[in-house]
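Colleague: entry-v6.txt is reproduced below (compact mmCIF, N, CA, C and O atoms).
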# COMPACT_ATOMS: atom_id res chain seq x y z
N MET A 250 7.27 1.15 0.57
CA MET A 250 6.74 2.14 -0.35
C MET A 250 7.52 2.04 -1.65
O MET A 250 8.73 1.80 -1.64
N CYS A 251 6.83 2.19 -2.75
CA CYS A 251 7.51 2.24 -4.05
C CYS A 251 6.96 3.42 -4.85
O CYS A 251 5.84 3.85 -4.64
N ARG A 252 7.80 3.92 -5.74
CA ARG A 252 7.42 5.07 -6.56
C ARG A 252 7.68 4.78 -8.03
O ARG A 252 8.56 3.99 -8.36
N GLU A 253 6.95 5.45 -8.88
CA GLU A 253 7.21 5.38 -10.32
C GLU A 253 8.62 5.88 -10.58
O GLU A 253 9.06 6.85 -9.97
N GLY A 254 9.33 5.19 -11.47
CA GLY A 254 10.68 5.59 -11.83
C GLY A 254 11.77 4.93 -11.00
O GLY A 254 12.95 5.06 -11.31
N GLU A 255 11.40 4.21 -9.93
CA GLU A 255 12.40 3.54 -9.10
C GLU A 255 12.92 2.29 -9.78
O GLU A 255 12.19 1.58 -10.45
N ASN A 256 14.20 2.02 -9.58
CA ASN A 256 14.79 0.75 -10.02
C ASN A 256 14.30 -0.35 -9.10
O ASN A 256 14.17 -0.15 -7.89
N ALA A 257 14.04 -1.52 -9.68
CA ALA A 257 13.55 -2.65 -8.90
C ALA A 257 14.12 -3.93 -9.49
O ALA A 257 14.55 -3.97 -10.64
N CYS A 258 14.14 -4.97 -8.68
CA CYS A 258 14.53 -6.31 -9.13
C CYS A 258 13.41 -7.27 -8.79
O CYS A 258 12.81 -7.18 -7.72
N VAL A 259 13.11 -8.18 -9.72
CA VAL A 259 12.15 -9.24 -9.47
C VAL A 259 12.95 -10.50 -9.17
O VAL A 259 13.71 -10.97 -10.03
N TYR A 260 12.84 -10.99 -7.95
CA TYR A 260 13.51 -12.22 -7.56
C TYR A 260 12.55 -13.38 -7.78
O TYR A 260 11.53 -13.49 -7.12
N LYS A 261 12.89 -14.22 -8.75
CA LYS A 261 12.04 -15.34 -9.15
C LYS A 261 12.15 -16.48 -8.15
O LYS A 261 13.16 -16.64 -7.49
N THR A 262 11.09 -17.26 -8.04
CA THR A 262 11.10 -18.42 -7.14
C THR A 262 12.12 -19.46 -7.59
O THR A 262 12.61 -20.24 -6.78
N ASN A 263 12.48 -19.47 -8.89
CA ASN A 263 13.46 -20.43 -9.40
C ASN A 263 14.90 -19.94 -9.25
O ASN A 263 15.83 -20.56 -9.73
N GLY A 264 15.11 -18.77 -8.61
CA GLY A 264 16.44 -18.24 -8.36
C GLY A 264 16.90 -17.18 -9.34
O GLY A 264 17.92 -16.54 -9.13
N GLY A 265 16.15 -16.95 -10.41
CA GLY A 265 16.51 -15.92 -11.39
C GLY A 265 16.19 -14.52 -10.87
O GLY A 265 15.43 -14.34 -9.93
N VAL A 266 16.81 -13.53 -11.50
CA VAL A 266 16.58 -12.13 -11.13
C VAL A 266 16.33 -11.33 -12.41
O VAL A 266 17.08 -11.46 -13.37
N LEU A 267 15.28 -10.51 -12.41
CA LEU A 267 14.97 -9.61 -13.52
C LEU A 267 15.12 -8.18 -13.02
O LEU A 267 14.47 -7.79 -12.05
N GLU A 268 15.99 -7.39 -13.66
CA GLU A 268 16.13 -5.99 -13.29
C GLU A 268 15.17 -5.16 -14.13
O GLU A 268 15.02 -5.40 -15.33
N THR A 269 14.53 -4.18 -13.50
CA THR A 269 13.49 -3.41 -14.19
C THR A 269 13.35 -2.03 -13.55
O THR A 269 14.03 -1.71 -12.57
N ILE A 270 12.44 -1.25 -14.08
CA ILE A 270 12.07 0.06 -13.54
C ILE A 270 10.55 0.09 -13.39
O ILE A 270 9.84 -0.37 -14.29
N ILE A 271 10.06 0.61 -12.29
CA ILE A 271 8.62 0.74 -12.08
C ILE A 271 8.12 1.90 -12.94
O ILE A 271 8.54 3.03 -12.76
N THR A 272 7.26 1.58 -13.91
CA THR A 272 6.78 2.62 -14.83
C THR A 272 5.39 3.14 -14.47
O THR A 272 5.03 4.24 -14.87
N ASN A 273 4.62 2.34 -13.71
CA ASN A 273 3.26 2.73 -13.39
C ASN A 273 2.83 2.04 -12.11
O ASN A 273 3.20 0.90 -11.86
N ILE A 274 2.05 2.72 -11.30
CA ILE A 274 1.46 2.14 -10.10
C ILE A 274 -0.04 2.36 -10.17
O ILE A 274 -0.50 3.49 -10.31
N ASP A 275 -0.79 1.26 -10.10
CA ASP A 275 -2.24 1.33 -10.16
C ASP A 275 -2.79 0.84 -8.82
O ASP A 275 -2.66 -0.33 -8.48
N ILE A 276 -3.36 1.77 -8.05
CA ILE A 276 -3.90 1.43 -6.74
C ILE A 276 -5.35 1.01 -6.91
O ILE A 276 -6.17 1.77 -7.41
N HIS A 277 -5.68 -0.22 -6.50
CA HIS A 277 -7.00 -0.79 -6.74
C HIS A 277 -8.01 -0.48 -5.64
O HIS A 277 -9.20 -0.52 -5.87
N THR A 278 -7.55 -0.20 -4.43
CA THR A 278 -8.48 -0.13 -3.31
C THR A 278 -8.80 1.27 -2.83
O THR A 278 -9.73 1.46 -2.09
N LYS A 279 -8.02 2.27 -3.23
CA LYS A 279 -8.20 3.62 -2.69
C LYS A 279 -8.00 4.67 -3.77
O LYS A 279 -7.54 4.37 -4.86
N GLU A 280 -8.27 5.88 -3.40
CA GLU A 280 -7.92 7.00 -4.26
C GLU A 280 -6.40 7.12 -4.31
O GLU A 280 -5.71 6.87 -3.34
N ARG A 281 -5.91 7.53 -5.44
CA ARG A 281 -4.46 7.69 -5.61
C ARG A 281 -3.96 8.83 -4.73
O ARG A 281 -4.53 9.90 -4.70
N LYS A 282 -2.90 8.55 -3.99
CA LYS A 282 -2.31 9.60 -3.15
C LYS A 282 -1.58 10.61 -4.03
O LYS A 282 -1.08 10.26 -5.10
N SER A 283 -1.51 11.83 -3.58
CA SER A 283 -0.90 12.88 -4.39
C SER A 283 0.60 12.65 -4.61
O SER A 283 1.16 13.16 -5.56
N ASN A 284 1.25 11.85 -3.74
CA ASN A 284 2.67 11.60 -3.92
C ASN A 284 2.94 10.49 -4.93
O ASN A 284 4.09 10.20 -5.26
N GLY A 285 1.91 9.83 -5.46
CA GLY A 285 2.06 8.82 -6.49
C GLY A 285 2.72 7.54 -6.04
O GLY A 285 3.22 6.79 -6.85
N CYS A 286 2.72 7.28 -4.75
CA CYS A 286 3.39 6.09 -4.20
C CYS A 286 2.41 4.96 -3.96
O CYS A 286 1.23 5.19 -3.75
N GLY A 287 2.93 3.75 -3.95
CA GLY A 287 2.17 2.58 -3.53
C GLY A 287 2.79 2.06 -2.25
O GLY A 287 4.00 2.06 -2.09
N TYR A 288 1.97 1.65 -1.31
CA TYR A 288 2.45 1.17 -0.01
C TYR A 288 2.17 -0.31 0.13
O TYR A 288 1.21 -0.83 -0.45
N LYS A 289 2.98 -1.02 0.93
CA LYS A 289 2.86 -2.47 1.02
C LYS A 289 1.54 -2.93 1.64
O LYS A 289 1.17 -4.07 1.48
N THR A 290 0.81 -2.06 2.31
CA THR A 290 -0.49 -2.44 2.87
C THR A 290 -1.61 -2.32 1.85
O THR A 290 -2.73 -2.71 2.13
N GLU A 291 -1.31 -1.81 0.66
CA GLU A 291 -2.31 -1.61 -0.38
C GLU A 291 -2.22 -2.70 -1.44
O GLU A 291 -1.15 -3.27 -1.68
N HIS A 292 -3.33 -2.97 -2.09
CA HIS A 292 -3.36 -3.87 -3.23
C HIS A 292 -3.07 -3.02 -4.45
O HIS A 292 -3.88 -2.20 -4.85
N VAL A 293 -1.89 -3.20 -5.05
CA VAL A 293 -1.50 -2.37 -6.19
C VAL A 293 -1.07 -3.24 -7.37
O VAL A 293 -0.68 -4.39 -7.21
N GLY A 294 -1.16 -2.67 -8.54
CA GLY A 294 -0.60 -3.26 -9.74
C GLY A 294 0.63 -2.45 -10.11
O GLY A 294 0.63 -1.23 -10.01
N LEU A 295 1.70 -3.13 -10.53
CA LEU A 295 2.93 -2.44 -10.92
C LEU A 295 3.20 -2.67 -12.40
O LEU A 295 3.14 -3.80 -12.88
N GLY A 296 3.47 -1.59 -13.10
CA GLY A 296 3.97 -1.68 -14.46
C GLY A 296 5.48 -1.77 -14.38
O GLY A 296 6.12 -0.91 -13.76
N LEU A 297 6.06 -2.83 -14.96
CA LEU A 297 7.50 -3.05 -14.89
C LEU A 297 8.08 -3.05 -16.29
O LEU A 297 7.69 -3.86 -17.13
N ARG A 298 8.99 -2.15 -16.56
CA ARG A 298 9.58 -2.00 -17.89
C ARG A 298 10.35 -3.27 -18.28
O ARG A 298 11.21 -3.74 -17.55
N GLY A 299 10.02 -3.81 -19.45
CA GLY A 299 10.74 -4.96 -19.98
C GLY A 299 10.38 -6.29 -19.36
O GLY A 299 11.04 -7.29 -19.63
N VAL A 300 9.34 -6.33 -18.53
CA VAL A 300 8.92 -7.59 -17.90
C VAL A 300 7.47 -7.85 -18.30
O VAL A 300 6.59 -7.03 -18.05
N SER A 301 7.22 -9.02 -18.91
CA SER A 301 5.85 -9.36 -19.29
C SER A 301 5.20 -10.19 -18.19
O SER A 301 5.89 -10.79 -17.36
N LYS A 302 3.88 -10.23 -18.19
CA LYS A 302 3.18 -10.99 -17.15
C LYS A 302 3.46 -12.48 -17.26
O LYS A 302 3.39 -13.19 -16.26
N GLU A 303 3.83 -12.95 -18.45
CA GLU A 303 4.17 -14.36 -18.63
C GLU A 303 5.47 -14.73 -17.91
O GLU A 303 5.71 -15.88 -17.61
N GLN A 304 6.32 -13.73 -17.66
CA GLN A 304 7.58 -13.98 -16.96
C GLN A 304 7.41 -14.07 -15.45
O GLN A 304 8.32 -14.50 -14.76
N LEU A 305 6.26 -13.66 -14.94
CA LEU A 305 6.04 -13.62 -13.49
C LEU A 305 5.21 -14.81 -13.03
O LEU A 305 4.33 -15.27 -13.73
N GLU A 306 5.52 -15.27 -11.82
CA GLU A 306 4.79 -16.38 -11.22
C GLU A 306 4.45 -16.03 -9.78
O GLU A 306 5.10 -15.20 -9.16
N LYS A 307 3.45 -16.70 -9.27
CA LYS A 307 3.09 -16.52 -7.87
C LYS A 307 4.30 -16.89 -7.01
O LYS A 307 4.94 -17.91 -7.24
N GLY A 308 4.62 -16.06 -6.05
CA GLY A 308 5.76 -16.30 -5.18
C GLY A 308 6.98 -15.47 -5.53
O GLY A 308 7.90 -15.36 -4.73
N ASP A 309 7.01 -14.85 -6.74
CA ASP A 309 8.10 -13.96 -7.09
C ASP A 309 8.04 -12.72 -6.20
O ASP A 309 6.97 -12.33 -5.73
N ARG A 310 9.19 -12.11 -5.96
CA ARG A 310 9.27 -10.93 -5.08
C ARG A 310 9.84 -9.74 -5.84
O ARG A 310 10.79 -9.88 -6.60
N VAL A 311 9.25 -8.57 -5.62
CA VAL A 311 9.76 -7.33 -6.19
C VAL A 311 10.46 -6.56 -5.08
O VAL A 311 9.86 -6.26 -4.05
N ILE A 312 11.74 -6.25 -5.29
CA ILE A 312 12.53 -5.52 -4.31
C ILE A 312 12.91 -4.17 -4.93
O ILE A 312 13.45 -4.13 -6.03
N VAL A 313 12.62 -3.09 -4.21
CA VAL A 313 13.02 -1.75 -4.67
C VAL A 313 14.17 -1.26 -3.81
O VAL A 313 14.46 -1.83 -2.76
N LYS A 314 14.81 -0.20 -4.24
CA LYS A 314 16.04 0.24 -3.58
C LYS A 314 15.86 0.61 -2.11
O LYS A 314 16.81 0.59 -1.35
N ASN A 315 14.63 0.93 -1.68
CA ASN A 315 14.42 1.25 -0.27
C ASN A 315 14.18 0.01 0.56
O ASN A 315 13.75 0.08 1.71
N ALA A 316 14.44 -1.19 -0.01
CA ALA A 316 14.47 -2.49 0.68
C ALA A 316 13.12 -3.01 1.14
O ALA A 316 13.06 -3.87 1.98
N ASN A 317 12.02 -2.52 0.58
CA ASN A 317 10.72 -3.14 0.86
C ASN A 317 10.53 -4.32 -0.08
O ASN A 317 11.03 -4.32 -1.19
N MET A 318 9.79 -5.33 0.34
CA MET A 318 9.60 -6.50 -0.47
C MET A 318 8.10 -6.67 -0.75
O MET A 318 7.28 -6.58 0.14
N TYR A 319 7.77 -6.92 -2.02
CA TYR A 319 6.39 -7.06 -2.44
C TYR A 319 6.22 -8.42 -3.08
O TYR A 319 6.96 -8.75 -3.99
N GLY A 320 5.25 -9.19 -2.66
CA GLY A 320 5.01 -10.51 -3.25
C GLY A 320 4.05 -10.43 -4.42
O GLY A 320 3.19 -9.57 -4.46
N MET A 321 4.21 -11.34 -5.37
CA MET A 321 3.32 -11.43 -6.51
C MET A 321 2.19 -12.38 -6.19
O MET A 321 2.38 -13.38 -5.62
What's the structure tokens form of this structure?
Modeller:
Amino acid sequence: MCREGENACVYKTNGGVLETIITNIDIHTKERKSNGCGYKTEHVGLGLRGVSKEQLEKGDRVIVKNANMYGM
């Protein structure tokens, strides 16, 4: 599970790490839950502060402080 405002790290397939904050969660498949969270079983879009889409590649992983891992 991830929430808006949580600190996250993007672990790049090339070994680099980008530190960021989740600014927005866009749930594509369902109605937005009242708690504003995205779950790993859902198809979601994440807004990441200071990270552009050009910096991300297929295979990169987003790790949030609660230790869930999300693939790009």
Colleague: List the spatial neighbours of Thr262 in chain A as JSON, numbers by chain - criterion: any atom at most 6 Å away, only N, CA, C and O atoms, same-chain residues fewer than 6 positions off excluded.
Modeller: {"A": [308, 309, 310]}
Colleague: Quick one: of A:Ile271, A:Val311, A:Gly299, A:Gly294, who's nearest to Glu253 in chain A, counting only N, CA, C and O atoms?
Modeller: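 Checking each candidate against Glu253 in chain A, we get A:Ile271 as the closest.
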Colleague: Taking into account all atoms listed in the file, which residue in the set A:Leu297, A:Met250, A:Cys258, A:Gln304 is nearest to Thr272 in chain A?
Modeller: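 The shortest atom-to-atom distance to Thr272 in chain A comes from A:Leu297.
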Colleague: Interatomic distance between atom O of Ile270 in chain A and atom O of Lys307 in chain A?
Modeller: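 These two atoms are separated by 19.5 Å.
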Colleague: Distance atom O of Cys251 in chain A-atom N of Ile274 in chain A, one decimal place?
Modeller: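 Going from atom O of Cys251 in chain A over to atom N of Ile274 in chain A, I get 7.7 Å.
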Colleague: Would you mind reading off the distance between atom C of Val293 in chain A and atom C of Gly254 in chain A, one decimal, in Å?
Modeller: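 Computing it gives 15.6 Å between the two atoms.
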Colleague: Taking only N, CA, C and O atoms into account, which of A:Glu291, A:Arg298, A:Val313, A:Glu306 comes nearest Glu268 in chain A?
Modeller: A:Arg298
Colleague: Return the single residue from A:Leu295, A:Lys314, A:Leu305, A:Val300 that is closest to Asn263 in chain A, with distances computed using only C-alpha atoms.
Modeller: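 When distances to Asn263 in chain A are compared using only C-alpha atoms, the smallest one comes from A:Leu305.
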